[in-house]
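> Below is query.cif; it holds mmCIF, C-alpha atoms.
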```cif
data_final
loop_
_atom_site.group_PDB
_atom_site.id
_atom_site.type_symbol
_atom_site.label_atom_id
_atom_site.label_comp_id
_atom_site.auth_asym_id
_atom_site.auth_seq_id
_atom_site.Cartn_x
_atom_site.Cartn_y
_atom_site.Cartn_z
ATOM 1 C CA MET A 976 99.387 -34.413 17.594
ATOM 2 C CA ALA A 977 98.168 -34.822 21.140
ATOM 3 C CA VAL A 978 94.599 -35.917 21.753
ATOM 4 C CA ALA A 979 94.067 -32.767 23.823
ATOM 5 C CA PHE A 980 94.166 -30.685 20.632
ATOM 6 C CA THR A 981 91.611 -32.643 18.627
ATOM 7 C CA LYS A 982 88.092 -31.429 18.233
ATOM 8 C CA GLU A 983 85.753 -33.622 20.253
ATOM 9 C CA GLU A 984 82.589 -32.846 18.373
ATOM 10 C CA SER A 985 82.148 -34.802 15.168
ATOM 11 C CA PHE A 986 80.198 -33.636 12.139
ATOM 12 C CA GLU A 987 77.410 -36.068 13.070
ATOM 13 C CA THR A 988 77.092 -34.638 16.557
ATOM 14 C CA ALA A 989 77.065 -31.098 15.203
ATOM 15 C CA SER A 990 74.280 -31.899 12.763
ATOM 16 C CA GLU A 991 72.250 -33.517 15.548
ATOM 17 C CA THR A 992 72.574 -30.511 17.848
ATOM 18 C CA LEU A 993 71.966 -27.713 15.349
ATOM 19 C CA LEU A 994 68.315 -28.313 14.615
ATOM 20 C CA PRO A 995 66.465 -25.860 12.377
ATOM 21 C CA ASP A 996 63.909 -23.685 14.129
ATOM 22 C CA ARG A 997 60.272 -24.714 14.040
ATOM 23 C CA PRO A 998 58.451 -22.522 11.515
ATOM 24 C CA ILE A 999 56.498 -19.589 12.934
ATOM 25 C CA SER A 1000 53.181 -18.852 11.249
ATOM 26 C CA PRO A 1001 52.780 -15.483 9.550
ATOM 27 C CA HIS A 1002 49.194 -15.253 10.870
ATOM 28 C CA PRO A 1003 48.304 -13.382 14.069
ATOM 29 C CA ASN A 1004 48.863 -15.678 17.057
ATOM 30 C CA LEU A 1005 45.316 -15.705 18.413
ATOM 31 C CA VAL A 1006 44.774 -17.974 21.413
ATOM 32 C CA THR A 1007 41.959 -19.013 23.689
ATOM 33 C CA GLU A 1008 42.501 -18.989 27.442
ATOM 34 C CA ALA A 1009 43.020 -22.770 27.358
ATOM 35 C CA GLY A 1010 45.433 -22.388 24.443
ATOM 36 C CA LEU A 1011 47.527 -19.850 26.339
ATOM 37 C CA ARG A 1012 47.687 -22.142 29.378
ATOM 38 C CA ALA A 1013 48.743 -25.030 27.114
ATOM 39 C CA LEU A 1014 51.548 -22.925 25.589
ATOM 40 C CA GLU A 1015 52.746 -21.958 29.071
ATOM 41 C CA LEU A 1016 52.714 -25.598 30.181
ATOM 42 C CA GLN A 1017 54.612 -26.728 27.076
ATOM 43 C CA PHE A 1018 57.183 -23.997 27.729
ATOM 44 C CA GLN A 1019 57.642 -25.194 31.330
ATOM 45 C CA GLN A 1020 58.007 -28.798 30.160
ATOM 46 C CA ALA A 1021 60.588 -27.838 27.524
ATOM 47 C CA ARG A 1022 62.485 -25.791 30.127
ATOM 48 C CA ALA A 1023 62.505 -28.771 32.519
ATOM 49 C CA ALA A 1024 63.664 -31.126 29.754
ATOM 50 C CA TYR A 1025 66.455 -28.734 28.785
ATOM 51 C CA ASP A 1026 67.512 -28.181 32.405
ATOM 52 C CA ALA A 1027 67.648 -31.954 32.922
ATOM 53 C CA THR A 1028 70.357 -32.208 30.276
ATOM 54 C CA SER A 1029 72.743 -30.125 32.397
ATOM 55 C CA THR A 1030 73.564 -33.190 34.502
ATOM 56 C CA ILE A 1031 74.869 -35.149 31.511
ATOM 57 C CA GLU A 1032 78.647 -35.225 31.748
ATOM 58 C CA ASP A 1033 79.513 -35.979 28.121
ATOM 59 C CA ILE A 1034 79.346 -32.638 26.272
ATOM 60 C CA ASN A 1035 78.331 -34.216 22.963
ATOM 61 C CA GLU A 1036 75.545 -36.219 24.577
ATOM 62 C CA ARG A 1037 74.392 -33.132 26.532
ATOM 63 C CA ARG A 1038 74.161 -31.157 23.282
ATOM 64 C CA ARG A 1039 72.386 -34.012 21.523
ATOM 65 C CA GLN A 1040 69.857 -34.453 24.339
ATOM 66 C CA GLY A 1041 69.309 -30.702 24.687
ATOM 67 C CA ALA A 1042 68.787 -29.961 20.993
ATOM 68 C CA ASN A 1043 65.032 -30.676 20.825
ATOM 69 C CA PRO A 1044 64.107 -28.946 24.104
ATOM 70 C CA LEU A 1045 66.214 -25.919 23.137
ATOM 71 C CA ARG A 1046 64.482 -25.676 19.758
ATOM 72 C CA ASP A 1047 61.085 -26.017 21.473
ATOM 73 C CA LEU A 1048 62.027 -23.282 23.961
ATOM 74 C CA ARG A 1049 62.850 -20.891 21.121
ATOM 75 C CA TYR A 1050 59.564 -21.659 19.372
ATOM 76 C CA LEU A 1051 57.379 -21.524 22.485
ATOM 77 C CA SER A 1052 59.052 -18.347 23.709
ATOM 78 C CA ALA A 1053 58.208 -16.647 20.414
ATOM 79 C CA ARG A 1054 54.648 -17.958 20.485
ATOM 80 C CA LEU A 1055 54.087 -16.799 24.074
ATOM 81 C CA ARG A 1056 55.575 -13.392 23.281
ATOM 82 C CA THR A 1057 53.180 -12.896 20.333
ATOM 83 C CA ALA A 1058 50.089 -14.559 21.820
ATOM 84 C CA GLN A 1059 46.925 -12.478 21.602
ATOM 85 C CA LEU A 1060 44.400 -13.727 24.140
ATOM 86 C CA MET A 1061 40.963 -13.557 22.573
ATOM 87 C CA PRO A 1062 37.845 -13.134 24.690
ATOM 88 C CA ASP A 1063 35.068 -15.685 24.429
ATOM 89 C CA PRO A 1064 32.791 -14.937 21.484
ATOM 90 C CA PRO A 1065 30.085 -12.445 22.467
ATOM 91 C CA SER A 1066 27.320 -14.472 20.826
ATOM 92 C CA ALA A 1067 26.503 -17.576 18.871
ATOM 93 C CA ASP A 1068 24.745 -15.675 16.097
ATOM 94 C CA VAL A 1069 27.656 -15.986 13.669
ATOM 95 C CA VAL A 1070 30.739 -18.196 13.573
ATOM 96 C CA ALA A 1071 33.716 -16.487 15.238
ATOM 97 C CA PHE A 1072 37.027 -17.401 16.853
ATOM 98 C CA GLY A 1073 36.320 -19.556 19.899
ATOM 99 C CA ASN A 1074 32.884 -20.738 18.731
ATOM 100 C CA THR A 1075 32.002 -24.351 18.199
ATOM 101 C CA VAL A 1076 30.328 -24.846 14.842
ATOM 102 C CA THR A 1077 28.432 -27.859 13.569
ATOM 103 C CA PHE A 1078 27.981 -28.260 9.838
ATOM 104 C CA SER A 1079 26.691 -30.898 7.468
ATOM 105 C CA ARG A 1080 28.317 -32.003 4.242
ATOM 106 C CA ASP A 1081 26.707 -33.087 0.973
ATOM 107 C CA ASP A 1082 27.624 -36.692 1.713
ATOM 108 C CA GLY A 1083 25.564 -36.650 4.924
ATOM 109 C CA ARG A 1084 28.444 -36.339 7.388
ATOM 110 C CA VAL A 1085 27.904 -33.952 10.266
ATOM 111 C CA GLN A 1086 31.028 -32.470 11.825
ATOM 112 C CA THR A 1087 31.578 -30.285 14.866
ATOM 113 C CA TYR A 1088 34.712 -28.235 15.491
ATOM 114 C CA ARG A 1089 35.775 -25.433 17.780
ATOM 115 C CA LEU A 1090 37.731 -22.657 16.031
ATOM 116 C CA VAL A 1091 40.938 -22.046 17.968
ATOM 117 C CA GLY A 1092 44.521 -20.825 17.583
ATOM 118 C CA GLU A 1093 47.026 -22.649 15.401
ATOM 119 C CA ASP A 1094 49.005 -24.182 18.259
ATOM 120 C CA GLU A 1095 45.958 -25.605 20.004
ATOM 121 C CA ALA A 1096 44.227 -27.034 16.930
ATOM 122 C CA ASP A 1097 43.645 -30.779 17.048
ATOM 123 C CA PRO A 1098 41.039 -31.998 14.524
ATOM 124 C CA LYS A 1099 40.872 -35.456 16.109
ATOM 125 C CA ALA A 1100 39.923 -33.790 19.402
ATOM 126 C CA GLY A 1101 37.339 -31.520 17.739
ATOM 127 C CA SER A 1102 39.229 -28.265 17.199
ATOM 128 C CA ILE A 1103 40.589 -26.653 14.044
ATOM 129 C CA SER A 1104 42.748 -23.604 13.466
ATOM 130 C CA TYR A 1105 40.953 -20.394 12.654
ATOM 131 C CA VAL A 1106 43.187 -20.093 9.564
ATOM 132 C CA SER A 1107 42.303 -23.519 8.173
ATOM 133 C CA PRO A 1108 40.422 -23.442 4.858
ATOM 134 C CA VAL A 1109 37.151 -24.717 6.360
ATOM 135 C CA ALA A 1110 37.291 -22.318 9.322
ATOM 136 C CA ARG A 1111 37.999 -19.360 7.046
ATOM 137 C CA LEU A 1112 34.937 -20.243 4.931
ATOM 138 C CA LEU A 1113 32.717 -20.579 7.999
ATOM 139 C CA MET A 1114 33.789 -17.378 9.804
ATOM 140 C CA GLY A 1115 30.996 -14.835 9.860
ATOM 141 C CA LYS A 1116 28.353 -17.324 8.707
ATOM 142 C CA ALA A 1117 25.070 -17.947 10.546
ATOM 143 C CA VAL A 1118 22.933 -21.048 11.016
ATOM 144 C CA GLY A 1119 21.472 -22.022 7.635
ATOM 145 C CA ASP A 1120 24.264 -20.426 5.605
ATOM 146 C CA VAL A 1121 25.891 -22.619 2.960
ATOM 147 C CA VAL A 1122 29.496 -22.393 1.740
ATOM 148 C CA GLU A 1123 31.270 -24.338 -0.989
ATOM 149 C CA THR A 1124 34.656 -25.969 -0.730
ATOM 150 C CA GLY A 1125 36.245 -28.391 -3.147
ATOM 151 C CA GLY A 1126 32.996 -28.887 -5.047
ATOM 152 C CA GLN A 1127 31.128 -29.767 -1.861
ATOM 153 C CA GLU A 1128 28.631 -27.683 0.083
ATOM 154 C CA LEU A 1129 28.777 -27.212 3.838
ATOM 155 C CA GLU A 1130 25.706 -26.001 5.716
ATOM 156 C CA VAL A 1131 26.017 -24.434 9.161
ATOM 157 C CA ILE A 1132 23.513 -26.217 11.405
ATOM 158 C CA ALA A 1133 24.559 -25.022 14.897
ATOM 159 C CA ILE A 1134 26.851 -22.489 16.585
ATOM 160 C CA SER A 1135 27.700 -22.458 20.263
#
```
Have the structure of the file written as structure tokens, please.

Amino acid sequence: MAVAFTKEESFETASETLLPDRPISPHPNLVTEAGLRALELQFQQARAAYDATSTIEDINERRRQGANPLRDLRYLSARLRTAQLMPDPPSADVVAFGNTVTFSRDDGRVQTYRLVGEDEADPKAGSISYVSPVARLLMGKAVGDVVETGGQELEVIAIS
């Protein structure tokens, strides 16, 4: 058999280029203005990364290098299409999407987080998803309110 009739793509290459889609949350895709801008920027970066693979001559390497950006483009496209831009909270009377809430724990720790969309949540940077267990407990609460989670009480001490 001539080499011209053999399939170039090996099983390994195929498995590297057919990445499963990133899971899409079943929750409404609420975003802050900054979160929407971040999604748009990530989409542009993924598009640029995917476009950059078009210069790779080897088809298998092009597919391998383009697999992650292509998967990210599918995910980010879906997230941008379903994004619901939320206005800034009208007040700081009760905890709502977009507010920053400070609460104390039984063990004396005081924590401050901004409640944001799932894609923009970064606990290390001080933001948590509005669908996280703690955020869901705190939504609608006012300063002085206490909620219980995992046998521990959290008291809302500030909302901004």
> List as number ranges by chain the residues having at least one atom at most 9 Å from position (58.7, -24.9, 27.8) as given in the file, counting only C-alpha atoms.
A: 1014-1025, 1044-1045, 1047-1049, 1051-1052
> Let me make sure I understand: among A:Leu1129, A:Ala1042, A:Leu1005, A:Ile1031, which one has the smallest atom-to-atom distance to A:Arg1084 if we use all atoms listed in the file?
A:Leu1129
> Return as a ChimeraX atom specification the set of residues that the PyMOL selection byres ((chain A and resi 1100) around 12) yields on the displayed structure.
/A:1086-1091,1095-1099,1101-1103
> For the selection you just gave me, I'd like the residues written to a file as a PDB file, in the frame of the given file, keeping C-alpha atoms.

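result10.pdb written:
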```
ATOM      1  CA  GLN A1086      31.028 -32.470  11.825  1.00  0.00           C
ATOM      2  CA  THR A1087      31.578 -30.285  14.866  1.00  0.00           C
ATOM      3  CA  TYR A1088      34.712 -28.235  15.491  1.00  0.00           C
ATOM      4  CA  ARG A1089      35.775 -25.433  17.780  1.00  0.00           C
ATOM      5  CA  LEU A1090      37.731 -22.657  16.031  1.00  0.00           C
ATOM      6  CA  VAL A1091      40.938 -22.046  17.968  1.00  0.00           C
ATOM      7  CA  GLU A1095      45.958 -25.605  20.004  1.00  0.00           C
ATOM      8  CA  ALA A1096      44.227 -27.034  16.930  1.00  0.00           C
ATOM      9  CA  ASP A1097      43.645 -30.779  17.048  1.00  0.00           C
ATOM     10  CA  PRO A1098      41.039 -31.998  14.524  1.00  0.00           C
ATOM     11  CA  LYS A1099      40.872 -35.456  16.109  1.00  0.00           C
ATOM     12  CA  GLY A1101      37.339 -31.520  17.739  1.00  0.00           C
ATOM     13  CA  SER A1102      39.229 -28.265  17.199  1.00  0.00           C
ATOM     14  CA  ILE A1103      40.589 -26.653  14.044  1.00  0.00           C
TER      15      ILE A1103
END
```
> Between atom CA of A:His1002 and atom CA of A:Leu1113, what is the distance, to one decimal in Å?
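Pair atom CA of A:His1002 / atom CA of A:Leu1113 returns 17.6 Å.
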> The PyMOL selection byres ((chain A and resi 1060-1075) around 12) on the file shown: which residues, as an MDAnalysis selection string?
chainID A and resid 1003:1012 1014 1054:1059 1076:1078 1086:1093 1095:1096 1101:1107 1109:1120 1131:1135
